[in-house]
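Student: As input, take my_file_30.txt (compact mmCIF, C-alpha atoms):
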# COMPACT_ATOMS: atom_id res chain seq x y z
CA MET G 1 108.08 129.85 125.35
CA ASP G 2 109.12 126.46 126.73
CA THR G 3 106.02 126.30 128.89
CA GLN G 4 103.94 127.06 125.82
CA HIS G 5 105.69 124.33 123.88
CA TYR G 6 105.26 121.89 126.75
CA MET G 7 101.58 122.72 127.01
CA GLU G 8 101.07 122.17 123.28
CA GLU G 9 102.86 118.83 123.35
CA ARG G 10 100.70 117.58 126.19
CA LEU G 11 97.56 118.84 124.54
CA TRP G 12 98.43 117.18 121.22
CA GLU G 13 98.98 113.90 123.05
CA TYR G 14 95.61 114.33 124.72
CA ILE G 15 93.91 115.11 121.39
CA ASP G 16 95.57 112.09 119.71
CA GLY G 17 94.38 109.88 122.57
CA ALA G 18 97.99 109.01 123.41
CA SER G 19 97.89 110.18 127.04
CA GLY G 20 97.71 107.71 129.87
CA ALA G 21 94.60 107.55 132.07
CA GLU G 22 96.09 109.74 134.81
CA GLU G 23 97.48 112.28 132.40
CA LYS G 24 94.15 112.39 130.57
CA LEU G 25 92.32 113.20 133.78
CA PHE G 26 94.88 115.84 134.68
CA ILE G 27 94.64 117.54 131.27
CA GLU G 28 90.85 117.49 131.48
CA GLN G 29 91.07 119.27 134.81
CA LEU G 30 93.48 121.85 133.40
CA ILE G 31 91.18 122.50 130.44
CA ALA G 32 88.21 122.87 132.75
CA THR G 33 89.89 125.19 135.22
CA GLN G 34 92.48 127.22 133.33
CA THR G 35 91.59 129.67 130.58
CA GLU G 36 95.01 129.49 128.94
CA TRP G 37 94.78 125.72 128.58
CA ARG G 38 91.17 125.90 127.43
CA THR G 39 91.98 128.46 124.70
CA LYS G 40 94.99 126.52 123.47
CA TYR G 41 93.03 123.27 123.49
CA ALA G 42 90.25 124.81 121.37
CA GLU G 43 92.86 126.17 118.96
CA LEU G 44 94.68 122.85 118.54
CA LEU G 45 91.45 120.90 118.32
CA GLU G 46 90.35 123.12 115.44
CA VAL G 47 93.61 122.40 113.59
CA HIS G 48 93.14 118.69 114.31
CA HIS G 49 89.62 118.75 112.89
CA LEU G 50 90.75 120.69 109.85
CA MET G 51 93.34 117.98 109.16
CA GLN G 52 90.95 115.15 109.85
CA GLN G 53 88.08 116.43 107.79
CA HIS G 54 89.51 118.67 105.14
CA LEU G 55 92.88 117.30 104.13
CA GLU G 56 92.44 115.90 100.66
CA LEU G 57 94.35 113.41 98.59
CA ASP G 58 95.39 114.26 95.05
CA GLU G 59 94.34 112.08 92.20
CA PRO G 60 96.68 110.82 89.48
CA SER G 61 95.66 110.77 85.83
CA MET G 62 92.74 108.60 84.67
CA ARG G 63 95.08 106.18 82.95
CA PHE G 64 97.23 105.63 86.00
CA THR G 65 96.00 102.13 86.94
CA GLN G 66 96.16 101.08 83.31
CA ASN G 67 99.72 102.39 82.98
CA VAL G 68 100.80 100.49 86.09
CA MET G 69 99.18 97.28 84.88
CA GLU G 70 100.87 97.63 81.48
CA GLU G 71 104.20 98.21 83.19
CA ILE G 72 103.94 95.25 85.55
CA GLY G 73 103.11 93.06 82.57
CA LYS G 74 106.81 93.31 81.69
CA TYR G 75 107.90 91.87 85.02
CA LYS G 76 107.55 88.72 87.06
CA ILE G 77 107.15 88.57 90.80
CA THR G 78 110.57 87.78 92.23
CA PRO G 79 110.67 84.83 94.63
CA ALA G 80 110.60 85.72 98.30
CA ALA G 81 114.04 86.46 99.69
CA GLN G 82 113.44 83.80 102.34
CA SER G 83 113.23 81.10 99.68
CA TYR G 84 116.71 81.66 98.30
CA ILE G 85 118.55 82.97 101.33
CA ASN G 86 119.33 80.00 103.49
CA LYS G 87 119.87 81.05 107.07
CA ARG G 88 122.15 78.08 107.74
CA VAL G 89 124.54 79.25 105.03
CA ILE G 90 124.61 82.76 106.51
CA TYR G 91 125.20 81.35 109.99
CA GLY G 92 127.96 79.13 108.54
CA ILE G 93 129.72 82.09 106.95
CA ALA G 94 129.36 84.14 110.13
CA ALA G 95 130.72 81.25 112.22
CA PHE G 96 133.67 80.92 109.87
CA PHE G 97 134.63 84.56 110.17
CA ILE G 98 134.12 84.62 113.93
CA LEU G 99 136.27 81.50 114.35
CA THR G 100 138.95 82.97 112.09
CA ILE G 101 139.06 86.21 114.08
CA VAL G 102 139.08 84.34 117.41
CA GLY G 103 141.84 82.06 116.08
CA PHE G 104 144.00 85.00 115.07
CA LEU G 105 143.36 86.68 118.40
CA ILE G 106 144.34 83.56 120.37
CA TYR G 107 147.42 83.10 118.26
CA GLY G 108 148.37 86.75 118.53
CA LEU G 109 147.89 86.82 122.30
CA SER G 110 149.88 83.63 122.75
CA GLN G 111 152.81 85.38 121.10
CA VAL G 112 152.72 88.23 123.60
CA GLN G 113 155.09 88.03 126.55
CA TRP G 114 153.04 88.72 129.62
CA THR G 115 155.41 90.04 132.27
CA SER G 116 154.42 91.64 135.48
CA GLY G 117 156.39 94.77 136.21
CA GLY G 118 156.19 96.52 139.52
CA GLY G 119 154.78 99.94 138.84
CA SER G 120 155.44 102.89 141.06
CA ASN G 121 152.01 102.42 142.63
CA GLY G 122 152.61 98.77 143.19
CA LEU G 123 150.05 97.88 140.54
CA TYR G 124 150.65 95.20 137.97
CA SER G 125 151.31 96.38 134.46
CA VAL G 126 151.19 94.35 131.31
CA ASN G 127 154.22 94.62 129.12
CA VAL G 128 153.02 94.00 125.60
CA ASN G 129 155.87 93.73 123.19
CA LEU G 130 154.32 94.10 119.79
CA ASP G 131 157.71 93.78 118.07
CA LYS G 132 157.89 90.17 119.17
CA ILE G 133 154.76 89.12 117.35
CA ASP G 134 155.81 87.19 114.31
CA TYR G 135 153.44 88.40 111.64
CA SER G 136 155.15 86.36 108.94
CA LYS G 137 153.80 83.23 110.62
CA ILE G 138 150.26 84.48 110.25
CA PHE G 139 150.32 86.04 106.83
CA ASN G 140 152.38 83.48 104.96
CA ASN G 141 151.31 81.52 101.90
CA ARG G 142 150.06 78.51 103.87
CA TYR G 143 147.53 80.59 105.84
CA THR G 144 146.41 82.44 102.76
CA ASN G 145 145.92 79.13 100.94
CA ILE G 146 143.92 77.67 103.82
CA PHE G 147 141.75 80.77 103.93
CA LEU G 148 141.13 80.62 100.19
CA MET G 149 140.35 76.90 100.29
CA VAL G 150 137.79 77.30 103.04
CA THR G 151 136.18 80.24 101.22
CA ILE G 152 135.97 78.22 97.99
CA VAL G 153 134.47 75.23 99.83
CA LEU G 154 131.89 77.46 101.48
CA GLY G 155 131.11 79.08 98.13
CA LEU G 156 130.63 75.66 96.50
CA MET G 157 128.42 74.53 99.38
CA PHE G 158 126.28 77.63 98.96
CA LEU G 159 126.01 77.12 95.19
CA ASP G 160 125.12 73.45 95.68
CA MET G 161 122.39 74.30 98.16
CA TYR G 162 121.01 77.03 95.93
CA LEU G 163 120.92 74.77 92.85
CA GLY G 164 119.40 71.93 94.89
CA ARG G 165 116.61 74.18 96.10
CA LYS G 166 115.99 75.48 92.59
CA LYS G 167 115.78 71.92 91.24
CA LYS G 168 113.35 70.98 93.99
CA ASP G 169 111.16 73.99 93.17
CA ILE G 170 111.08 73.08 89.48
CA GLN G 171 110.17 69.47 90.36
CA GLN G 172 107.36 70.66 92.62
CA LYS G 173 105.99 72.94 89.92
CA THR G 174 105.97 70.18 87.29
CA LEU G 175 104.13 67.77 89.61
CA MET O 1 85.93 101.00 104.09
CA TYR O 2 86.57 98.87 101.02
CA THR O 3 84.17 96.30 99.73
CA GLY O 4 85.30 93.03 98.22
CA PRO O 5 88.31 90.95 99.18
CA ASN O 6 90.78 92.42 101.65
CA ASP O 7 94.37 93.29 100.74
CA ASN O 8 95.83 90.01 101.98
CA GLU O 9 93.31 87.94 100.02
CA ILE O 10 94.10 89.88 96.87
CA ILE O 11 97.85 89.44 97.42
CA SER O 12 97.47 85.67 97.89
CA ARG O 13 95.49 85.42 94.68
CA VAL O 14 97.98 87.57 92.76
CA LEU O 15 100.79 85.33 94.02
CA ARG O 16 98.81 82.26 92.98
CA GLY O 17 98.71 83.52 89.40
CA GLU O 18 95.99 86.16 89.07
CA PRO O 19 98.10 89.28 88.34
CA SER O 20 95.12 91.25 87.00
CA LEU O 21 93.77 91.48 90.56
CA TYR O 22 96.70 93.72 91.42
CA ALA O 23 94.77 96.53 89.69
CA GLU O 24 92.41 96.53 92.69
CA LEU O 25 95.29 97.30 95.04
CA VAL O 26 96.50 100.04 92.71
CA LYS O 27 93.03 101.59 92.70
CA ARG O 28 92.81 101.44 96.49
CA TYR O 29 96.11 103.12 97.19
CA GLN O 30 96.90 105.22 94.11
CA LYS O 31 95.56 108.47 95.55
CA PHE O 32 97.57 108.17 98.71
CA VAL O 33 100.77 107.07 96.98
CA PHE O 34 100.40 109.84 94.42
CA THR O 35 99.77 112.47 97.13
CA ILE O 36 102.90 111.49 99.04
CA ALA O 37 104.91 111.50 95.81
CA LEU O 38 103.54 114.94 95.06
CA ARG O 39 104.85 116.19 98.40
CA TYR O 40 108.37 115.45 97.13
CA ALA O 41 108.19 115.84 93.38
CA PRO O 42 108.29 119.26 91.74
CA ASN O 43 105.39 118.49 89.38
CA ARG O 44 102.54 116.03 88.73
CA GLU O 45 104.43 114.23 85.95
CA ASP O 46 107.31 113.36 88.23
CA ALA O 47 104.91 112.43 91.03
CA GLU O 48 103.10 110.08 88.70
CA GLU O 49 106.40 108.53 87.64
CA ILE O 50 107.32 107.95 91.29
CA ALA O 51 103.87 106.52 92.09
CA GLN O 52 104.09 104.15 89.13
CA ASP O 53 107.56 103.08 90.18
CA VAL O 54 106.25 102.37 93.69
CA PHE O 55 103.51 100.07 92.44
CA VAL O 56 105.88 98.25 90.10
CA LYS O 57 108.40 97.72 92.90
CA ALA O 58 105.65 96.54 95.24
CA TYR O 59 104.42 94.08 92.60
CA ARG O 60 107.85 92.66 91.91
CA ASN O 61 108.51 92.18 95.63
CA LEU O 62 105.02 91.04 96.54
CA ALA O 63 106.30 87.61 97.57
CA ASP O 64 108.34 89.33 100.27
CA PHE O 65 105.23 90.78 101.89
CA ARG O 66 104.78 88.46 104.85
CA GLY O 67 101.50 89.85 106.08
CA ASP O 68 102.73 90.56 109.61
CA ALA O 69 102.11 94.28 109.01
CA LYS O 70 99.36 96.00 107.03
CA PHE O 71 99.89 96.04 103.26
CA SER O 72 99.48 99.83 103.37
CA THR O 73 102.35 100.15 105.90
CA TRP O 74 104.57 97.99 103.69
CA LEU O 75 103.57 99.96 100.59
CA TYR O 76 104.16 103.33 102.23
CA THR O 77 107.65 102.20 103.22
CA ILE O 78 108.32 101.67 99.52
CA VAL O 79 106.83 105.12 98.79
CA SER O 80 109.13 106.70 101.34
CA THR O 81 112.31 105.09 99.99
CA THR O 82 111.33 105.65 96.37
CA CYS O 83 110.71 109.37 96.97
CA ILE O 84 114.10 109.75 98.62
CA SER O 85 115.86 107.86 95.79
CA PHE O 86 114.03 110.01 93.28
CA LEU O 87 115.27 113.17 94.95
CA ARG O 88 118.81 111.80 95.05
CA LYS O 89 118.65 110.77 91.41
CA LYS O 90 117.35 114.14 90.32
CA LYS O 91 119.69 115.85 92.79
CA LEU O 92 116.79 117.82 94.21
CA ASP O 93 116.97 119.35 97.62
CA ILE O 94 114.50 118.39 100.32
CA ARG O 95 115.16 121.44 102.45
CA PRO O 96 112.05 123.34 103.41
CA LEU O 97 111.28 126.47 101.44
CA ASP O 98 113.11 129.56 102.61
CA HIS O 99 111.18 132.64 103.70
CA GLU O 100 111.19 134.29 100.29
CA GLN O 101 110.04 131.13 98.57
CA VAL O 102 107.29 130.72 101.12
CA LEU O 103 106.07 134.25 100.55
CA GLU O 104 106.12 133.72 96.81
CA THR O 105 104.32 130.37 97.02
CA ALA O 106 101.78 131.67 99.50
CA SER O 107 101.02 134.73 97.46
CA ARG O 108 100.64 132.59 94.34
CA LEU O 109 98.35 130.22 96.18
CA ASP O 110 96.56 133.04 97.93
CA SER O 111 95.78 134.92 94.75
CA GLY O 112 94.16 131.78 93.36
CA PHE O 113 92.39 131.41 96.63
CA LYS O 114 90.94 134.90 96.54
CA ALA O 115 90.06 134.73 92.88
CA ASN O 116 87.57 132.02 93.58
CA THR O 117 84.78 133.72 95.45
CA ILE O 118 82.69 130.64 96.10
CA GLU O 119 85.54 128.59 97.47
CA GLN O 120 87.23 131.53 99.14
CA LYS O 121 86.37 130.36 102.59
CA SER O 122 86.79 126.73 101.88
CA LYS O 123 88.59 124.97 104.67
CA VAL O 124 89.62 122.30 102.21
CA GLN O 125 91.50 124.74 100.05
CA MET O 126 93.17 126.47 102.94
CA VAL O 127 94.40 123.23 104.53
CA ASN O 128 95.59 121.76 101.25
CA ARG O 129 97.35 124.92 100.20
CA ALA O 130 98.99 125.42 103.55
CA ILE O 131 100.33 121.88 103.50
CA HIS O 132 102.21 122.67 100.29
CA LEU O 133 104.15 125.29 102.23
CA LEU O 134 105.57 122.68 104.56
CA SER O 135 108.72 120.68 103.99
CA PRO O 136 108.08 117.35 102.20
CA ASP O 137 108.86 115.42 105.38
CA ASP O 138 106.38 117.39 107.48
CA ALA O 139 103.73 117.16 104.78
CA LYS O 140 104.29 113.43 104.43
CA LEU O 141 104.04 112.88 108.16
CA ILE O 142 100.75 114.77 108.45
CA THR O 143 99.34 112.97 105.42
CA LEU O 144 100.37 109.56 106.77
CA PHE O 145 98.79 110.28 110.13
CA TYR O 146 95.53 111.82 108.95
CA LYS O 147 94.90 110.13 105.63
CA GLY O 148 97.05 107.01 105.61
CA GLU O 149 95.25 105.30 108.49
CA GLN O 150 98.59 104.60 110.11
CA SER O 151 99.33 104.55 113.82
CA LEU O 152 102.40 106.25 115.29
CA GLU O 153 104.08 102.82 115.49
CA GLU O 154 103.34 102.11 111.85
CA ILE O 155 104.58 105.53 110.77
CA GLY O 156 107.73 104.76 112.77
CA GLN O 157 108.16 101.56 110.75
CA ILE O 158 107.65 103.43 107.49
CA MET O 159 110.11 106.17 108.35
CA GLY O 160 112.57 103.94 110.20
CA VAL O 161 112.33 105.84 113.48
CA GLU O 162 110.96 105.24 116.98
CA PRO O 163 107.26 105.99 117.63
CA ASN O 164 108.27 108.60 120.18
CA THR O 165 110.31 110.42 117.54
CA VAL O 166 107.28 110.28 115.24
CA LYS O 167 105.16 111.79 118.01
CA VAL O 168 107.54 114.70 118.50
CA ARG O 169 107.96 115.28 114.77
CA LEU O 170 104.20 115.17 114.28
CA HIS O 171 103.65 117.76 117.00
CA ARG O 172 106.21 120.03 115.36
CA ALA O 173 104.79 119.50 111.87
CA ARG O 174 101.28 120.37 113.03
CA GLN O 175 102.60 123.41 114.82
CA ARG O 176 104.40 124.54 111.68
CA LEU O 177 101.23 123.99 109.65
CA LYS O 178 99.24 126.06 112.11
CA ASP O 179 101.88 128.81 111.93
CA LYS O 180 101.78 128.77 108.13
CA MET O 181 98.00 129.05 108.09
CA GLU O 182 98.08 131.91 110.56
CA THR O 183 100.83 133.73 108.68
CA TYR O 184 99.85 133.27 105.07
CA PHE O 185 96.10 132.74 105.24
CA LYS O 186 95.35 135.15 108.05
CA GLU O 187 91.93 136.24 106.84
CA GLU O 188 90.82 132.75 106.03
CA VAL O 189 91.99 131.47 109.39
CA LYS O 190 89.94 134.18 111.11
CA ASP O 191 86.86 133.11 109.15
CA VAL O 192 87.46 129.42 109.58
CA MET O 193 88.41 129.46 113.23
CA GLY O 194 85.82 132.06 114.04
CA GLY O 195 83.14 130.22 112.13
Please rewrite the model in this file as structure tokens.

Tutor:
Amino acid sequence: MDTQHYMEERLWEYIDGASGAEEKLFIEQLIATQTEWRTKYAELLEVHHLMQQHLELDEPSMRFTQNVMEEIGKYKITPAAQSYINKRVIYGIAAFFILTIVGFLIYGLSQVQWTSGGGSNGLYSVNVNLDKIDYSKIFNNRYTNIFLMVTIVLGLMFLDMYLGRKKKDIQQKTL
Amino acid sequence: MYTGPNDNEIISRVLRGEPSLYAELVKRYQKFVFTIALRYAPNREDAEEIAQDVFVKAYRNLADFRGDAKFSTWLYTIVSTTCISFLRKKKLDIRPLDHEQVLETASRLDSGFKANTIEQKSKVQMVNRAIHLLSPDDAKLITLFYKGEQSLEEIGQIMGVEPNTVKVRLHRARQRLKDKMETYFKEEVKDVMGG
């Protein structure tokens, strides 16, 4: 069964013209010399030709194009996403979050007491005392306020850039 | 294949303020879009609704078409996602037909097939009826490959999978189609393959 499946896969690749030069030559030899391969090839080729020549597309109603054109009359083409998504803003936001995470990580790690304990195997082990991390220093009001301020500033920057671009577009159109 | 301006020229002109030219693109691709929609939708009305939705979406997002791929590839990606959303919205299942359903569908199709003496041995009818017995995904894949003028890479883009996956799925879909033809259109297959 697997051999059959394998043979069919290789023959389909050959029929689709997706085989490499060496493989193509090899399949051609198999078709020429082995009855099983030749029969299967003829069978698959017939299916391929049926699909190629006789598969038909259905037709929608006569009014279809008209209906579509009437429908699109209600809409405007939306501006390309590239024109209103500024990559620099996205990079800025990403940088902010990455820096925040890295900052927290550095702060958190600096609070950990790194002590080397002699394990039974003589290997070093890291003694991480999570109880000693002072979470109240991280999640206090000051940090929350700073986070909010930076988010608001970034938001305003984004809005300013968006409005500036829109104004520029309008000016260009009126010229 | 098509005379007149190519797809990219039409798109540029539509974007420059000639929306009526969009009708040309609709005419070029409506049959294909409708056929794919019909693979998923339970009836022609729903398929037409999906196809219309596809062209409206494509129009509204035309400015996002960058031209680095073929317009047809971009459009068929919209077809694919719209069909899936339609099925989700209508809460329809995209599982392939079970054995009983297949028998029922085949016998319904086959009786129509036999009733028409002139077209009885028509390869066109056999192929197009057999394809309705496949799962929508298999039928779509075969249609994209044979009628959509899309390469394996482009089909991969449309379906969001690797070209190698497309290749394997296409092999399986064709195998299933062959099995369906041999099982449910035995006599016709004998005539067609023999002749």

Student: Of the candidates G:Gln66, G:Thr39, G:Gln34, G:Gln53, which shows the shortest atom-to-atom distance to Tyr22 of chain O, using all atoms listed in the file?

Tutor: G:Gln66

Student: Check which residues of chain O sit at most 9 Å from chain G using only C-alpha atoms, and return one row each with the closest pair of atoms and their distance in Å to one decimal, ordered by chain and rising number, as CSV.

Tutor:
residue,atom,partner,partner_atom,distance
O:Leu15,CA,G:Ile77,CA,7.8
O:Pro19,CA,G:Gly73,CA,8.5
O:Ser20,CA,G:Met69,CA,7.6
O:Tyr22,CA,G:Met69,CA,7.8
O:Ala23,CA,G:Thr65,CA,6.4
O:Glu24,CA,G:Thr65,CA,8.8
O:Val26,CA,G:Thr65,CA,6.2
O:Lys27,CA,G:Thr65,CA,6.5
O:Gln30,CA,G:Pro60,CA,7.3
O:Lys31,CA,G:Glu59,CA,5.1
O:Phe32,CA,G:Leu57,CA,6.2
O:Phe34,CA,G:Pro60,CA,6.3
O:Thr35,CA,G:Asp58,CA,5.2
O:Ile36,CA,G:Leu57,CA,8.8
O:Leu38,CA,G:Asp58,CA,8.2
O:Arg44,CA,G:Pro60,CA,7.9
O:Ala47,CA,G:Pro60,CA,8.5
O:Glu48,CA,G:Pro60,CA,6.5
O:Ala51,CA,G:Pro60,CA,8.8
O:Gln52,CA,G:Val68,CA,5.8
O:Asp53,CA,G:Val68,CA,8.3
O:Phe55,CA,G:Val68,CA,6.9
O:Val56,CA,G:Ile72,CA,5.8
O:Lys57,CA,G:Ile72,CA,8.9
O:Tyr59,CA,G:Ile77,CA,6.4
O:Arg60,CA,G:Ile77,CA,4.3
O:Asn61,CA,G:Thr78,CA,5.9
O:Leu62,CA,G:Ile77,CA,6.6
O:Ala63,CA,G:Ala80,CA,4.8
O:Asp64,CA,G:Ala80,CA,4.7
O:Phe65,CA,G:Ala80,CA,8.2
O:Lys123,CA,G:His54,CA,6.4
O:Val124,CA,G:His54,CA,4.7
O:Gln125,CA,G:His54,CA,8.2
O:Met126,CA,G:His54,CA,8.9
O:Val127,CA,G:Leu55,CA,6.1
O:Asn128,CA,G:Leu55,CA,6.0
O:Ile131,CA,G:Leu55,CA,8.8
O:Ile142,CA,G:Met51,CA,8.1
O:Thr143,CA,G:Leu55,CA,7.9
O:Tyr146,CA,G:Gln52,CA,5.7
O:Lys147,CA,G:Leu55,CA,7.6
O:Lys167,CA,G:Glu13,CA,8.2
O:Val168,CA,G:Glu9,CA,7.9
O:His171,CA,G:Glu9,CA,6.5
O:Arg172,CA,G:Glu9,CA,8.7
O:Arg174,CA,G:Val47,CA,8.0
O:Gln175,CA,G:Glu8,CA,8.7
O:Leu177,CA,G:Val47,CA,8.7
O:Lys178,CA,G:Val47,CA,6.9
O:Met193,CA,G:Glu46,CA,7.0

Student: What is the atom CA of Gly92 of chain G to atom CA of Phe158 of chain G distance in Å?

Tutor: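 Between atom CA of Gly92 of chain G and atom CA of Phe158 of chain G the gap is 9.8 Å.
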
Student: Counting only C-alpha atoms, which residue out of G:Ala32, G:Leu25, G:Met7, G:Val150 sits closest to Ile93 of chain G?

Tutor: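 Using only C-alpha atoms, Ile93 of chain G sits closest to G:Val150.
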
Student: Figure out the distance between atom CA of Ser85 of chain O and atom CA of Gly156 of chain O, please, to one decimal in Å.

Tutor: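 Here the two named atoms are 19.1 Å from each other.
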
Student: For Leu170 of chain O, please output as a ChimeraX atom specification all residues within 9 Å (counting all atoms listed in the file; exclusion window: fewer than 6 positions along the same chain).

Tutor: /O:138,141-142,145

Student: Mind writing the picked residues with C-alpha atoms as an mmCIF file, in the coordinates of the input?

Tutor:
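File produced: out19.cif:
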data_model
loop_
_atom_site.group_PDB
_atom_site.id
_atom_site.type_symbol
_atom_site.label_atom_id
_atom_site.label_comp_id
_atom_site.auth_asym_id
_atom_site.auth_seq_id
_atom_site.Cartn_x
_atom_site.Cartn_y
_atom_site.Cartn_z
ATOM 1 C CA ASP O 138 106.380 117.390 107.480
ATOM 2 C CA LEU O 141 104.040 112.880 108.160
ATOM 3 C CA ILE O 142 100.750 114.770 108.450
ATOM 4 C CA PHE O 145 98.790 110.280 110.130
#

Student: Which value, in Å to one decimal, gives the distance between atom CA of Gln150 of chain O and atom CA of Leu133 of chain O?

Tutor: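 That distance, rounded to one decimal, is 22.8 Å.
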
Student: If we count all atoms listed in the file, what is near Arg88 of chain G at a cut-off of 12 Å, once residues fewer than 2 positions away on the same chain are taken out, given as an NGL selection string?

Tutor: :G and (82 or 84-86 or 90-95 or 154 or 157-158 or 161-162)

Student: I want to know what sits within 10 Å of Lys24 of chain G, based on only C-alpha atoms, with residues of the same chain fewer than 3 positions away left out; could you give that as a PDB file with C-alpha atoms, keeping the file's coordinate frame?

Tutor:
ATOM      1  CA  ARG G  10     100.700 117.580 126.190  1.00  0.00           C
ATOM      2  CA  LEU G  11      97.560 118.840 124.540  1.00  0.00           C
ATOM      3  CA  GLU G  13      98.980 113.900 123.050  1.00  0.00           C
ATOM      4  CA  TYR G  14      95.610 114.330 124.720  1.00  0.00           C
ATOM      5  CA  ILE G  15      93.910 115.110 121.390  1.00  0.00           C
ATOM      6  CA  GLY G  17      94.380 109.880 122.570  1.00  0.00           C
ATOM      7  CA  ALA G  18      97.990 109.010 123.410  1.00  0.00           C
ATOM      8  CA  SER G  19      97.890 110.180 127.040  1.00  0.00           C
ATOM      9  CA  GLY G  20      97.710 107.710 129.870  1.00  0.00           C
ATOM     10  CA  ALA G  21      94.600 107.550 132.070  1.00  0.00           C
ATOM     11  CA  ILE G  27      94.640 117.540 131.270  1.00  0.00           C
ATOM     12  CA  GLU G  28      90.850 117.490 131.480  1.00  0.00           C
ATOM     13  CA  GLN G  29      91.070 119.270 134.810  1.00  0.00           C
ATOM     14  CA  LEU G  30      93.480 121.850 133.400  1.00  0.00           C
TER      15      LEU G  30
END

Student: Taking only C-alpha atoms into account, name the residue in O:Lys140, O:Thr73, O:Glu45, O:Tyr40 that is nearest to Leu87 of chain O.

Tutor: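 Closest to Leu87 of chain O, using only C-alpha atoms: O:Tyr40.
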
Student: Out of O:Lys70, O:Arg176, O:Arg88, O:Lys186, which residue has the shortest atom-to-atom distance to Ile158 of chain O when counting all atoms listed in the file?

Tutor: O:Lys70

Student: Output, as lines of an AutoDock Vina configuration file, the centre and edge lengths in Å (one decimal) of the axis-aligned box that contains all listed atoms of segment 170-173 of chain O with 5 Å of margin on each side.

Tutor:
center_x = 104.9
center_y = 117.6
center_z = 114.4
size_x = 12.6
size_y = 14.9
size_z = 15.1

Student: Applying 12 Å and all atoms listed in the file, which residues near Asp68 of chain O remain after dropping the ones on its own chain fewer than 6 positions away? List them as a list of chain:residue names.

Tutor: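 Contacts, in chain order: O:Asn8, O:Trp74, O:Glu154.
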
Student: Residues within 12 Å of (138.0, 80.1, 105.5), file coordinates, counting all atoms listed in the file: what are they? Give the list as a ChimeraX atom specification.

Tutor: /G:92-101,103,143-155
